[in-house]
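Colleague: What follows is a structure written as structure tokens; I'll ask about it next.
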Amino acid sequence: MEHQLGHKHPLTHIISEVNTIFAELGFVFVEGPELEETRYNFDLLNVPKDHPSRDMQDTFYIEGKPDVVLRTHTSPVQVRYMESHQPPIRIIVPGKVFRNEATDATHEAQFFQLEGLMIDKDVSLGHLKGTLEFFFSRFFGGSTEVRLRPSFFPFVEPGVEVDMRLTGADAPEKLRGRWIEIMGAGMVHPNVLRNAGIDPEVYQGFAFGMGMDRLAMMKYGIDDVRLFYTGDLRLVNQF
Amino acid sequence: MKVSYNWLNTYFDGKLPPPEQVAEELTFHAWEIEEVIRVADDVVLDVKVLPDKAMWALSHRGIAKDLSTILDLPLTHDPLASVPALEPKTDTFTIKIDSPHCRRFAAARIQGVTVGPSPEWLRMALESIGQRSINNLVDASNYVMFDLGQPSHAFDAIKLPGDGIQVRQALPGETLAALDENEYTFSPEDTLISSLEGRALSIAGIKGGKDSGITEATTDIIIEVANWDPITTRKTAARLKLRSDASTRYENGIVPEMVPFGLQAVVRLILEVAGGAVTGYVDSALEIPEDIKTVTVTLAKVNRVLGLQLTVAKVMSIFDRFGWKYEMNGDTFIITPPFERTDLAIPEDIIEEVGRIYGYEHVAAITPDLTAPTTINRRFYYSEAVRDILVAQGFSEIYTSSFRASDQVKLHNALAADKGYLRSRLAENMKDALAKNAPNADLLGLKQISLFEIGTVFGKEQESYRLCLGIQSPSGYKPKSDGPILQAAWDALRSLLPDLPVLKQADLAAGICEIDLGETFASLPAPAAYGVSGQVLQVSYKPFSVYPAIARDIAMWVGSDVDEGEIADLLRTHAGSLCVRITLFDRFQKDEKISYAYRLVFQSKEKTLTDAEVNTIMDGVYQAVSQRGFTTR
């Protein structure tokens, strides 16, 4: 019988595609620990202790070890990377993150996020828009518009929510033509730059964070995020 | 925060645009609107105020003020326009502050009030935003809290022996029955308001006590308006598991300077709805307000961060819309923020205000230049190479949970009992996954279940990055048939990882092996470029059925000139849409004839199929095969 090939997991395909597209813009693929130091996950990202900002993400803590957390986002790697690299910086950080919230078809306690960071002398919200339009157009096909709405995250200022709209015959029909909320982003807060050893008077830039499970669900038409982690080949072998 | 459109409109003399437009303007210039609901003749907007602006925007006045800026529509009146005098002062009651966590404390004594139901406009205003009307005094307090963001509390003066109030830390083990019918036990970190004799009256900034509140018989009140340290308020609320609309506002840092405005507003409202007369005010004014710190920002920086080309005049016009006090020095702006806006502290805060009011839709997209990355990620590069090898060997990739019911590293706050630990190995999940997929082997068209996972595991000291392989036949691991496949995959990996150890006997006996990739990759050469990725995957996922599948085999002799594809097509056509998988599992030649054996798997998306139903379909298949001239075996 013909030898049957195995299948890569759909999230692996997504990470690979994301890397290929961002590599065209010179974004370096960087990784960081899943069990992260609390200071990288919060304090150095301008999320002070005893402040409502810390409530924005539900965190898993380790018994007897208050100085570590299961990372709630891939943003800590921004600080880790900036500590050892001076601008110009372009990085993406795909990685597993953890949130202590109830699970359902669109929420899991573990999922994959994609962080993006671009720092140089004049990087602005305009570069954020341009980078995201480039990425989404290549990722979904067709062409993309991106729009920004005011929001807040402690590690950026200004902070924005990003919506995208796909147009063109190449774009998947189910997603075409309507505005979809896709990620949070903003200009890296000067405290974060300073904490990482970069002079905010000289350098500036944007950061964004988006869920990759959601990208996979949108691209492949998968309706339940929990399916990614059941180890079920009835999902994996379709890819 | 739920806000009433009609209430907001009282700040504009009814001139606000329709609610839908208000919602849209807020969405694109300030905050997401989570819900817009019609309630009687009003519309309620649920405004998603975030922690950065919560110190001033958890109020109708705050949101109205921002709408005024966004719409360039002046407020017809602003309760924060001038600092209230709070006169006459009285010495007919005293306030004793013995806590470092009280940032401001003021009160008024009002005599001759009549407690009763609130007038309809007040009742409707509170009910529109989901608050219950209690009586005119409590309602007045609530109204001011949702109007200006400043909480307050009315005490029955009769219940304050010695005509005074004390602010102090709780004694260890001290208790209080609160207005929510619960009894709370305190520790010295908790701040209380008590009588001068020491009887606890309320939990500062959080909740009033049952006994000190007003009743229908109350005629003489002390109305208290105060400000509490955000951090200690938050800690007490968390420890007692008691959050309130009041504590939320203190946690988010409403400024002490708001107290006189809140007191003047609530006194005026009480006099209006409950009658009475003010005997006098007491004001602790504990913190000496510093001069408000100015914020300095240049036009160049505004444009550089936002990606715009605004002129000085344009930026000034935006500051004017805000009503801010500012000075100019060439292209440099020196802004004195309003007293309640402690969110305006650094230049980037001002830049955000300019950006959101001007509108982010004006930011033009700039695509960064195309260039190659300076570094190739070693771990990703070699992980992909490992995946390619294993996929070629027939292994499929799974991702499983990082959580286990029991292991080395324990979570402090697990979500579920069976997810209280972090996995220290991949092998356990692999075993489960193999067993779970085994019953679906036919459905998947597989002879064995061959899986791999690449992922992180957590030991006592550190996390590590590992690869795990596993294989089993549908009825369990069979060393004779499955072992060689595992061995072959392992040997194939050695072409990439020359230092790969020999497969352990124990692993070959169990059908699962695991290895650390982190160290293994570290010793490999640094990659120069990513592998050329294959075709971009175009897949439309098909949800699978939850009902059991039924398999049937069919074998036949055909002439050696028959195209195999024709046989598969024939089977597919006659097996119908309930046949979800056709797998060729045997083929051999004898003389001029070839024998083909297929497994057909039937499954419905709507129900469990019966043997009888499948037999009927197979009858049709056998008939078609015979008619075509193939001999079934």
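A note on labels: chains of the structure tokens are A, B, ... as shown, every chain counts residues from 1, and ligands are counted from 1 in their shown order.
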Going by DSSP on the backbone, which residues of segment 270-459 of chain B come out as helix (DSSP H, G or I)? List them as a count of residues only.
Modeller: 75
Colleague: With DSSP run on the backbone, what are the strand (DSSP E or B) residues within segment 117-277 of chain B? I'd like them as a count of residues only.
Modeller: 39
Colleague: When the cut-off is 6 Å and we count only C-alpha atoms, which residues of chain B are near chain A, given as a ChimeraX atom specification?
Modeller: /B:28,30,231,305-307,348,352,360,363-367,370-373,377,391-392,394-400,410-412,433,539-541
Colleague: Pick from A:Thr38, A:Val79, A:Asp58, A:Pro200: nearest to Leu415 of chain B, with only C-alpha atoms counted?
Modeller: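 Of A:Thr38, A:Val79, A:Asp58, A:Pro200, the one nearest Leu415 of chain B is A:Asp58, counting only C-alpha atoms.
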Colleague: Taking only C-alpha atoms into account, which of A:Met218, A:Val202, A:Ile21, A:Val192 comes nearest Arg176 of chain A?
Modeller: A:Met218
Colleague: Using only C-alpha atoms, which residue out of B:Lys593, B:Lys460, B:Arg599, B:Arg628 lies closest to Ile567 of chain B?
Modeller: B:Arg628
Colleague: What gap, in Å, lies between atom CA of Thr296 of chain B and atom CA of Asp52 of chain B?
Modeller: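 Taking atom CA of Thr296 of chain B as the start and atom CA of Asp52 of chain B as the end point, the length is 19.6 Å.
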Colleague: Expressed in Å to a single decimal, how great is the separation between atom CA of Thr294 of chain B and atom CA of Glu32 of chain B?
Modeller: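 Atom CA of Thr294 of chain B sits 29.0 Å away from atom CA of Glu32 of chain B.
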Colleague: Write out as a PyMOL selection string each polymer residue whose atoms come within 7 Å of Ala274 of chain B, counting only C-alpha atoms; drop sequence neighbours fewer than 5 positions from it.
Modeller: chain B and resi 113-115+136-137
Colleague: Determine, counting only C-alpha atoms, which protein, DNA and RNA residues have an atom within 12 Å of an atom of Tyr547 of chain B; residues of the same chain fewer than 5 positions away are not included. Present the result as a PyMOL selection string.
Modeller: chain B and resi 440+443+602-610
Colleague: Take the residues that were just selected and, keeping C-alpha atoms, output them as an mmCIF file, in the first residue's frame.
Modeller:
```cif
data_model
loop_
_atom_site.group_PDB
_atom_site.id
_atom_site.type_symbol
_atom_site.label_atom_id
_atom_site.label_comp_id
_atom_site.auth_asym_id
_atom_site.auth_seq_id
_atom_site.Cartn_x
_atom_site.Cartn_y
_atom_site.Cartn_z
ATOM 1 C CA ASN B 440 -10.951 5.723 14.922
ATOM 2 C CA LEU B 443 -12.330 6.006 10.066
ATOM 3 C CA PHE B 602 -19.719 4.313 7.197
ATOM 4 C CA GLN B 603 -20.771 7.105 9.565
ATOM 5 C CA SER B 604 -23.695 9.484 9.819
ATOM 6 C CA LYS B 605 -23.585 13.049 11.155
ATOM 7 C CA GLU B 606 -27.122 12.723 12.467
ATOM 8 C CA LYS B 607 -27.351 9.368 14.196
ATOM 9 C CA THR B 608 -25.829 5.982 14.945
ATOM 10 C CA LEU B 609 -26.094 3.787 11.859
ATOM 11 C CA THR B 610 -27.440 0.254 12.281
#
```
Colleague: Between A:Met82, A:Val93, A:Met164, A:Ala169, which one has atoms that come closest to Asp120 of chain A, using only C-alpha atoms?
Modeller: A:Met82
Colleague: For the atom pair atom CA of Glu120 of chain B and atom CA of Gly149 of chain B, what is the interatomic distance in Å to one decimal place?
Modeller: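 Taking atom CA of Glu120 of chain B and atom CA of Gly149 of chain B, their separation equals 21.9 Å.
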Colleague: Extract, using only C-alpha atoms, all DNA, RNA and protein residues at most 8 Å from Arg423 of chain B, discarding same-chain residues fewer than 3 positions from it, and format them as a list in words.
Modeller: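 Returned residues: Ser402, Phe403, Arg404, Asp407, Gln408, Val409, Leu426, Val457 and Phe458 of chain B.
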Colleague: Could you write those residues out with C-alpha atoms, as a compact mmCIF listing (two decimals), in the first residue's frame?
Modeller:
```txt
# COMPACT_ATOMS: atom_id res chain seq x y z
CA SER B 402 0.29 21.51 29.58
CA PHE B 403 -1.84 20.64 32.63
CA ARG B 404 -2.11 17.24 34.35
CA ASP B 407 2.90 15.87 38.62
CA GLN B 408 5.92 17.74 40.03
CA VAL B 409 5.01 21.42 39.70
CA LEU B 426 5.00 14.39 27.20
CA VAL B 457 7.51 20.28 30.00
CA PHE B 458 8.12 21.57 33.51
```
Colleague: Give the answer as one residue: which of B:Ala416, B:Val386, B:Ala438, B:Ala106 has the shortest atom-to-atom distance to Pro151 of chain B, using only C-alpha atoms?
Modeller: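 For Pro151 of chain B, the nearest of the candidates is B:Ala106.
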Colleague: Rank nothing, just name the residue among B:Asp163, B:Asp563, B:Asp220, B:Asp42 nearest to Gly275 of chain B, using only C-alpha atoms.
Modeller: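 So, comparing all the options, the nearest one is B:Asp220.
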Colleague: Which residues are near Trp31 of chain B? Cut-off 6 Å, only C-alpha atoms, ignore same chain within fewer than 4 positions. Put them as a ChimeraX atom specification.
Modeller: /B:26-27,48
Colleague: Would you output that residue set with N, CA, C and O atoms, as an mmCIF file, in the first residue's frame?
Modeller:
```
data_model
loop_
_atom_site.group_PDB
_atom_site.id
_atom_site.type_symbol
_atom_site.label_atom_id
_atom_site.label_comp_id
_atom_site.auth_asym_id
_atom_site.auth_seq_id
_atom_site.Cartn_x
_atom_site.Cartn_y
_atom_site.Cartn_z
ATOM 1 N N LEU B 26 -18.228 57.443 20.467
ATOM 2 C CA LEU B 26 -17.447 56.963 21.614
ATOM 3 C C LEU B 26 -16.547 55.809 21.199
ATOM 4 O O LEU B 26 -15.392 55.721 21.601
ATOM 5 N N THR B 27 -17.085 54.901 20.357
ATOM 6 C CA THR B 27 -16.320 53.724 19.940
ATOM 7 C C THR B 27 -15.048 54.111 19.214
ATOM 8 O O THR B 27 -13.991 53.511 19.427
ATOM 9 N N LYS B 48 -17.285 50.639 27.937
ATOM 10 C CA LYS B 48 -16.181 49.838 28.486
ATOM 11 C C LYS B 48 -15.035 50.759 28.897
ATOM 12 O O LYS B 48 -14.015 50.882 28.209
#
```
